[in-house]
>>> print(open('structure.csv').read())   # CSV, C-alpha atoms
chain,number,residue,atom,x,y,z
A,163,MET,CA,-76.7,-67.8,-1.2
A,164,ASN,CA,-75.2,-70.6,0.9
A,165,GLY,CA,-73.2,-70.0,4.1
A,166,VAL,CA,-70.0,-71.6,2.8
A,167,ASN,CA,-69.5,-69.6,-0.3
A,168,LYS,CA,-70.3,-65.9,0.2
A,169,GLY,CA,-68.8,-65.0,-3.1
A,170,ILE,CA,-67.6,-61.5,-4.0
A,171,GLY,CA,-69.6,-58.7,-2.3
A,172,LYS,CA,-68.3,-55.1,-2.8
A,173,VAL,CA,-65.5,-54.5,-5.3
A,174,GLU,CA,-63.3,-51.5,-6.1
A,175,ILE,CA,-61.9,-51.0,-9.6
A,176,ALA,CA,-59.1,-48.4,-9.6
A,177,LEU,CA,-57.4,-47.0,-12.7
A,178,ARG,CA,-54.3,-44.8,-12.9
A,179,TRP,CA,-52.1,-43.2,-15.6
A,180,ASP,CA,-49.7,-40.4,-15.8
A,181,PRO,CA,-50.6,-37.1,-17.5
A,182,SER,CA,-49.5,-36.7,-21.1
A,183,PRO,CA,-46.1,-35.0,-21.7
A,184,ALA,CA,-46.1,-31.2,-22.0
A,185,GLY,CA,-47.5,-30.0,-25.4
A,186,GLN,CA,-49.4,-33.3,-26.0
A,187,PRO,CA,-53.2,-33.7,-25.9
A,188,ALA,CA,-54.5,-34.9,-22.6
A,189,THR,CA,-55.0,-38.6,-22.1
A,190,ASP,CA,-58.5,-39.5,-20.9
A,191,LEU,CA,-59.3,-43.1,-19.8
A,192,ASP,CA,-62.7,-44.0,-18.5
A,193,LEU,CA,-64.0,-47.0,-16.5
A,194,VAL,CA,-67.3,-48.4,-17.7
A,195,ALA,CA,-69.4,-51.2,-16.2
A,196,ALA,CA,-72.5,-53.0,-17.6
A,197,PRO,CA,-74.8,-55.5,-16.0
A,198,TYR,CA,-76.4,-58.2,-18.1
A,199,PRO,CA,-79.7,-59.9,-17.3
A,200,ALA,CA,-79.8,-63.6,-16.5
A,201,SER,CA,-82.2,-64.1,-19.5
A,202,ASP,CA,-79.5,-62.9,-21.9
A,203,PRO,CA,-76.0,-62.7,-20.2
A,204,HIS,CA,-74.1,-62.1,-23.4
A,205,GLY,CA,-76.7,-59.9,-25.2
A,206,ASP,CA,-77.3,-56.2,-24.7
A,207,PRO,CA,-76.5,-54.7,-21.3
A,208,SER,CA,-79.4,-53.5,-19.1
A,209,TYR,CA,-77.5,-50.2,-18.8
A,210,VAL,CA,-74.0,-48.8,-18.8
A,211,VAL,CA,-72.3,-46.9,-16.0
A,212,HIS,CA,-69.6,-44.4,-17.0
A,213,PHE,CA,-68.5,-40.8,-16.3
A,214,ASP,CA,-71.5,-38.6,-15.2
A,215,SER,CA,-73.7,-41.7,-14.5
A,216,ARG,CA,-74.4,-44.4,-12.0
A,217,SER,CA,-76.7,-47.4,-11.8
A,218,PRO,CA,-80.4,-46.7,-11.2
A,219,ASP,CA,-80.2,-48.4,-7.8
A,220,GLY,CA,-76.8,-47.0,-6.7
A,221,THR,CA,-75.0,-50.4,-6.7
A,222,ILE,CA,-72.5,-49.3,-9.4
A,223,ILE,CA,-70.9,-45.9,-8.9
A,224,LEU,CA,-68.0,-44.0,-10.4
A,225,ASP,CA,-66.5,-42.5,-7.3
A,226,ARG,CA,-63.7,-40.6,-9.0
A,227,ASP,CA,-63.3,-39.4,-12.6
A,228,SER,CA,-60.2,-37.8,-14.3
A,229,LYS,CA,-60.0,-36.3,-17.7
A,230,ASP,CA,-56.2,-36.1,-17.8
A,231,GLY,CA,-54.5,-38.4,-15.2
A,232,LYS,CA,-53.4,-35.5,-13.0
A,233,GLY,CA,-54.7,-37.0,-9.8
A,234,PHE,CA,-52.6,-38.5,-7.0
A,235,GLY,CA,-52.5,-42.3,-7.0
A,236,PHE,CA,-55.5,-43.8,-8.7
A,237,ASP,CA,-57.3,-41.3,-11.0
A,238,GLU,CA,-60.6,-43.2,-11.6
A,239,ILE,CA,-62.3,-45.4,-9.0
A,240,MET,CA,-65.5,-47.4,-9.5
A,241,THR,CA,-67.4,-49.3,-6.8
A,242,LEU,CA,-69.6,-52.3,-7.5
A,243,GLU,CA,-71.9,-53.5,-4.8
A,244,LEU,CA,-72.6,-56.9,-6.3
A,245,ASN,CA,-74.1,-58.2,-3.0
A,246,ARG,CA,-76.9,-55.6,-3.5
A,247,LEU,CA,-77.4,-56.0,-7.2
A,248,ASP,CA,-80.9,-57.2,-8.1
A,249,ALA,CA,-81.2,-60.9,-8.7
A,250,ARG,CA,-82.3,-60.4,-12.3
A,251,TYR,CA,-78.7,-59.7,-13.2
A,252,ALA,CA,-76.3,-62.6,-13.7
A,253,ARG,CA,-73.2,-60.9,-15.1
A,254,VAL,CA,-71.3,-57.6,-14.9
A,255,VAL,CA,-68.5,-56.7,-17.2
A,256,VAL,CA,-66.1,-53.9,-16.4
A,257,GLY,CA,-63.9,-52.1,-19.1
A,258,VAL,CA,-61.6,-49.3,-19.7
A,259,VAL,CA,-61.9,-47.1,-22.8
A,260,ILE,CA,-59.5,-44.4,-24.1
A,261,GLN,CA,-61.4,-41.3,-25.2
A,262,GLN,CA,-60.4,-40.5,-28.8
A,263,HIS,CA,-60.5,-36.7,-28.6
A,264,GLN,CA,-57.9,-35.1,-30.8
A,265,GLU,CA,-55.9,-38.0,-32.2
A,266,PRO,CA,-56.2,-41.8,-32.2
A,267,ARG,CA,-54.6,-43.3,-29.0
A,268,THR,CA,-54.0,-46.9,-27.9
A,269,PHE,CA,-52.6,-48.1,-24.6
A,270,ALA,CA,-49.1,-47.9,-26.1
A,271,GLY,CA,-49.6,-44.1,-26.0
A,272,VAL,CA,-50.7,-44.0,-22.4
A,273,GLU,CA,-48.0,-43.1,-19.8
A,274,HIS,CA,-47.7,-45.7,-17.1
A,275,PRO,CA,-51.3,-47.1,-17.0
A,276,GLY,CA,-52.3,-49.4,-14.1
A,277,LEU,CA,-55.3,-51.2,-12.9
A,278,ARG,CA,-56.2,-52.6,-9.4
A,279,ILE,CA,-59.2,-54.7,-8.5
A,280,ARG,CA,-59.8,-55.4,-4.9
A,281,GLU,CA,-62.4,-56.5,-2.4
A,282,GLY,CA,-61.8,-54.7,0.9
A,283,TYR,CA,-58.0,-55.0,1.4
A,284,THR,CA,-57.7,-58.1,-0.7
A,285,VAL,CA,-56.2,-57.4,-4.2
A,286,LEU,CA,-58.0,-59.6,-6.7
A,287,ALA,CA,-56.0,-58.5,-9.8
A,288,GLU,CA,-53.5,-55.9,-11.0
A,289,ASP,CA,-52.4,-55.1,-14.6
A,290,ASP,CA,-50.4,-52.6,-16.6
A,291,PHE,CA,-52.2,-53.2,-20.0
A,292,GLY,CA,-49.0,-54.5,-21.4
A,293,GLY,CA,-50.9,-57.3,-23.2
A,294,VAL,CA,-53.2,-55.0,-25.1
A,295,LEU,CA,-50.9,-52.1,-26.1
A,296,GLY,CA,-52.4,-51.8,-29.6
A,297,SER,CA,-56.0,-51.6,-28.3
A,298,THR,CA,-58.2,-48.5,-27.7
A,299,ALA,CA,-60.3,-50.2,-25.1
A,300,ALA,CA,-60.2,-53.3,-22.9
A,301,THR,CA,-62.5,-55.4,-20.7
A,302,VAL,CA,-60.7,-55.9,-17.3
A,303,ALA,CA,-63.1,-57.9,-15.2
A,304,GLU,CA,-66.1,-60.1,-15.4
A,305,PHE,CA,-68.3,-61.1,-12.5
A,306,THR,CA,-70.9,-63.8,-12.8
A,307,ARG,CA,-73.6,-65.0,-10.4
A,308,ASP,CA,-73.7,-68.7,-9.7
A,309,SER,CA,-76.8,-70.8,-9.0
A,310,THR,CA,-76.6,-70.1,-5.2
A,311,GLY,CA,-76.6,-66.3,-5.8
A,312,ALA,CA,-72.9,-65.9,-5.0
A,313,TRP,CA,-70.7,-63.7,-7.3
A,314,ASP,CA,-67.5,-65.1,-8.9
A,315,PHE,CA,-64.7,-63.0,-10.3
A,316,HIS,CA,-63.1,-63.8,-13.6
A,317,PRO,CA,-59.9,-61.7,-14.2
A,318,GLY,CA,-58.3,-61.0,-17.5
A,319,VAL,CA,-57.6,-58.0,-19.7
A,320,GLN,CA,-58.9,-58.4,-23.3
A,321,GLY,CA,-58.3,-55.7,-25.9
A,322,PHE,CA,-60.7,-54.1,-28.3
A,323,GLN,CA,-60.3,-51.8,-31.3
A,324,GLU,CA,-63.7,-50.0,-31.0
A,325,ASP,CA,-64.4,-46.4,-30.3
A,326,PRO,CA,-66.1,-45.7,-26.9
A,327,VAL,CA,-69.7,-46.1,-28.2
A,328,ALA,CA,-69.0,-49.3,-30.1
A,329,PHE,CA,-67.0,-50.7,-27.2
A,330,THR,CA,-69.9,-50.4,-24.8
A,331,ARG,CA,-72.0,-52.6,-27.2
A,332,ALA,CA,-69.2,-55.1,-27.8
A,333,MET,CA,-67.8,-55.5,-24.3
A,334,GLY,CA,-70.4,-58.0,-23.2
A,335,ALA,CA,-69.7,-60.5,-25.9
A,336,ALA,CA,-68.5,-63.9,-24.6
A,337,ARG,CA,-64.9,-63.6,-23.5
A,338,ARG,CA,-62.2,-65.2,-25.7
A,339,PRO,CA,-60.2,-68.0,-24.0
>>> encode(input="structure.csv", output="structure tokens")
Amino acid sequence: MNGVNKGIGKVEIALRWDPSPAGQPATDLDLVAAPYPASDPHGDPSYVVHFDSRSPDGTIILDRDSKDGKGFGFDEIMTLELNRLDARYARVVVGVVIQQHQEPRTFAGVEHPGLRIREGYTVLAEDDFGGVLGSTAATVAEFTRDSTGAWDFHPGVQGFQEDPVAFTRAMGAARRP
């Protein structure tokens, strides 16, 4: 890494939504992240971090998990320590998936969803999922390592129609322009 471009170091991805109205099934959104090896940055992920898991080296951790959006402020928070991620990884993709428990649900059926991505106190991106209302999952961030070893952030919310398992396989495909 050169001294001029430090790149992105430690990032917080925060997700919020309001609880379902009374009498409706709970809404459960989950943050997921997957690192991809430099040898195949658009292939299969090396592993996937989601609820009840973390990266083997502790560089990607889900700090807060909610099954119903009843938290105060942001309901799910994930930390990515890109500056500590092993050099064999060249890409990390972060997504949000809606659990499909009792009935099919898209972002249109989620009360007041919101996303914030920041490094320290600097907000890198915010979104309300308004561009992917008919989707059941979405990628929300991509981080890539350049030739100097510095990490770059590529914002953008891209919708998917997959169930949670299929989404974790599809989320690493090359992003559409």
>>> closest_residue(input="structure.csv", among="A:His274, A:Gly296, A:Thr221, A:Pro197", to="Asn245 of chain A", atoms="only C-alpha atoms")
A:Thr221
>>> residues_around(input="structure.csv", residues="Phe305 of chain A", least_positions_apart="4", cutoff="10 Å", atoms="all atoms listed in the file", output="list in words")
Ile170, Pro197, Leu244, Ala252, Arg253, Val254, Val255, Val256, Trp313, Asp314, Phe315, His316 and Pro317 of chain A
>>> axis_aligned_box(input="structure.csv", around="segment 276-291 of chain A", padding_each_side="8 Å", output="AutoDock Vina command-line options")
--center_x -56.4 --center_y -54.5 --center_z -9.3 --size_x 28.0 --size_y 26.2 --size_z 37.4
>>> atom_distance(input="structure.csv", atom1="atom CA of Ala270 of chain A", atom2="atom CA of Val211 of chain A")
25.3 Å
>>> closest_residue(input="structure.csv", among="A:Ala287, A:Ala200, A:Val327, A:Ile260", to="Ala188 of chain A", atoms="all atoms listed in the file")
A:Ile260
>>> residues_near_point(input="structure.csv", point="(-56.3, -58.0, -5.4)", cutoff="12 Å", atoms="all atoms listed in the file", output="list in words")
Ile170, Val173, Glu174, Ile175, Ala176, Leu277, Arg278, Ile279, Arg280, Glu281, Gly282, Tyr283, Thr284, Val285, Leu286, Ala287, Glu288, Asp289, Ala303, Phe315 and Pro317 of chain A
>>> atom_distance(input="structure.csv", atom1="atom CA of Gln320 of chain A", atom2="atom CA of Ser228 of chain A")
22.5 Å
